[in-house]
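Following: one structure in structure tokens, then a few remarks.
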Amino acid sequence: MSRHHAGSARSLSATTMLGLSATPAEAVAYCAAKLRGERELARISFLNIGVGSDDTVPPELPGLLRDAGLAATVHLIDLNMVRPIELQRAELDRVLAAAEPLDPMWLQEDLGLWRWGNFDLLAHMLNPILDEPTLAVAAANVRAIMQRSGRLFLAENAPAHFSVEDMDLLSFLGRLSDESGCGLIIDVGHLIGYCLVTGRDPCAYVAGWDHADRVLEVHMSGYDLLPTADAPLWRDDHARPLPPAALVVLRALLDRIGRAPAITLEQEGAPDHVVDGNVVAVAEAAA
Amino acid sequence: MTGDRYDDLLVGLYTGAAPAWLPATARASFVDESVRRCCDLSAALAEHWPCTSYLARAVLGGDFPDRVCAAFPAACRHARELTGALHVAVTSVLAGADAPALVRELFRYESLRLPGLPVDRDAEVPLDRLRARRPLPAEAAVVRFELDVITAHVHIDLYRRSHASDAIALAYQAPARPRALAVYRRGGEVRAVDVTDAIAEAACA
């Protein structure tokens with residue numbers, strides 16, 4: 001097990017840390033805006049920076065983060081956590097090298113299949129098959145990433161429009177944390193999507209979860225629910241304001257976690273006023 | 001592709017064939033997800049190639065988007081992102097269906113406006129002499145069409161926007177005038193200019 005077990009993360013705070021997701025270029029702009037005292041950025045204490053294997057981090061970014069008083073987490077992009085990481089060694093080495101100058105609190109990636117050969121699946125990604133074979137592969141991958149990077153890794157629940165499963169999502173995540181030593185991220189929108197396709201009530205579902213203490217970060221983003229005679233259809237849409245239902249689930253999750261995790265707002269494509277409104281809404285919900 | 005269960009799922013979601021190993025309890029939601037993905041591809045198809053999609057439905061059948069969807073997994077092996085994979089998939093469907101020239105040429109014409117797709121430029125055109133007659137940027141490429149594709153696009157686009165019947169689309173006869181278009185970017189927008197006459201003049205000069 002890595003020395004960076006989930007329980008030893010160095011940046012856990014007694015009060016909620018709010019962060020924004022960003023590309024490396026957007027991170028530079030956020031740092032500059034915070035230094036200028038703009039918008040609601042005074043409430044932001046870290047940036048969740050997406051880094052892919054083809055990305056380079058602007059050399060000035062580490063210094064800007066320090067000047068702006070912002071910590072960093074790194075969202076590794078396009079790793080297939082459900083396939084052996086040894087098959088993706090070149091991509092992994094490149095992305096870890098790119099992330100290293102940011103000295104991130106931890107690394108993270110959604111569990112799923114994101115690249116199909118050289119094809120970037122994006123919204124056509126596959127969420128994991130929730131069973132023992134996938135669990136074994138994902139746990140081995142997490143251990144390998146933590147060993148190679150020397151950093152804590154957080155596994156995130158991916159978007160889910162359907163589910164193939166022998167075990168439920170939260171049980172899978174708990175087992176993964178037990179077997180790999182990783183921390184966890186719950187993306188509230190993704191969780192709501194999963195609950196809709198599996199017929200669960202999200203608040204009751206998290207209230208009964210016995211591994212909520214492994215959650216070190218929560219992701220919040222907009223989504224759309226299309227009403228039908230059956231369950232509503234869930235559509236990820238990061239540009240939208242946070243639905244009130246997402247804040248209710250956030251509160252239930254925080255109550256179950258029992259302490260303050262980091263919260264990242266993922267809002268690609270959202271106008272500034274939506275981002276600022278979401279920051280205020282989450283800060284108040286988490287208070 | 002590794003031939004594992006994830007390959008099985010991805011191929012099945014676009015072809016509509018659930019893997020044999022898929023539990024019975026997951027089959028209904030698999031079908032729903034297959035429909036969602038095919039709708040997403042159909043929407044992208046209609047957005048990027050609106051006139052091609054409209055005319056192909058009329059000429060080849062209303063299941064044209066389904067055929068493109070079924071060709072999508074194989075196309076992903078030859079592309080890095082969605083638009084590129086759709087381009088490969090549509091190309092293979094049109095070739096397999098022996099689509100008429102108007103559909104194929106509209107597809108090539110609408111593809112010119114999408115960044116990152118291959119452009120089959122005519123390398124034989126004397127661009128220096130052409131530029132002496134028409135002000136064209138240095139990066140302009142000349143692409144040849146079997147028919148007057150700009151005129152055809154105007155007509156088909158009008159029918160499409162009007163939600164005209166298949167009969168109207170099928171009755172349209174594209175002008176059988178081979179055309180050469182100079183294609184280039186200007187201010188982030190792709191421009192296609194008819195240079196057929198200018199090329200002829202340059203050749204005679």
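Scheme for the structure tokens: letters A, B, ... for chains in order shown; per-chain residue numbers from 1; ligand numbers from 1 in order shown.
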
> Could you pull out the helix (DSSP H, G or I) residues of range 166-287 of chain A from DSSP and send them as JSON, numbers by chain?
Replying inline: {"A": [169, 170, 171, 172, 173, 174, 175, 176, 177, 178, 179, 180, 188, 189, 190, 191, 192, 193, 194, 195, 196, 197, 198, 202, 203, 204, 205, 206, 207, 212, 213, 214, 244, 245, 246, 247, 248, 249, 250, 251, 252, 253, 254, 255, 256, 257, 272, 273, 274, 275, 276, 277, 278, 279, 280, 281, 282, 283, 284, 285, 286]}

>> I need the chain A residues near chain B as a ChimeraX atom specification; criterion: at most 12 Å, counting only C-alpha atoms.
In response: /A:80-84,87,112-131,133-134,160-166,194,196-199,233-235

> Could you pull out all residues of range 7-199 of chain A with a DSSP call of strand (DSSP E or B) and give them as number ranges by chain?
Replying inline: A: 17-22, 44-51, 71-76, 107-110, 113, 115-116, 119-120, 126, 130, 153-156, 165, 183-187

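Comparing B:Ser111, B:Gly16, B:Pro50, B:Leu106 by their smallest distance to Arg67 in chain B, the closest is B:Gly16 (using only C-alpha atoms).
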
> So, counting only C-alpha atoms, which residue among A:Leu102, A:Met146, A:Leu70, A:Ala97 is closest to Pro58 in chain A?
Replying inline: A:Leu102
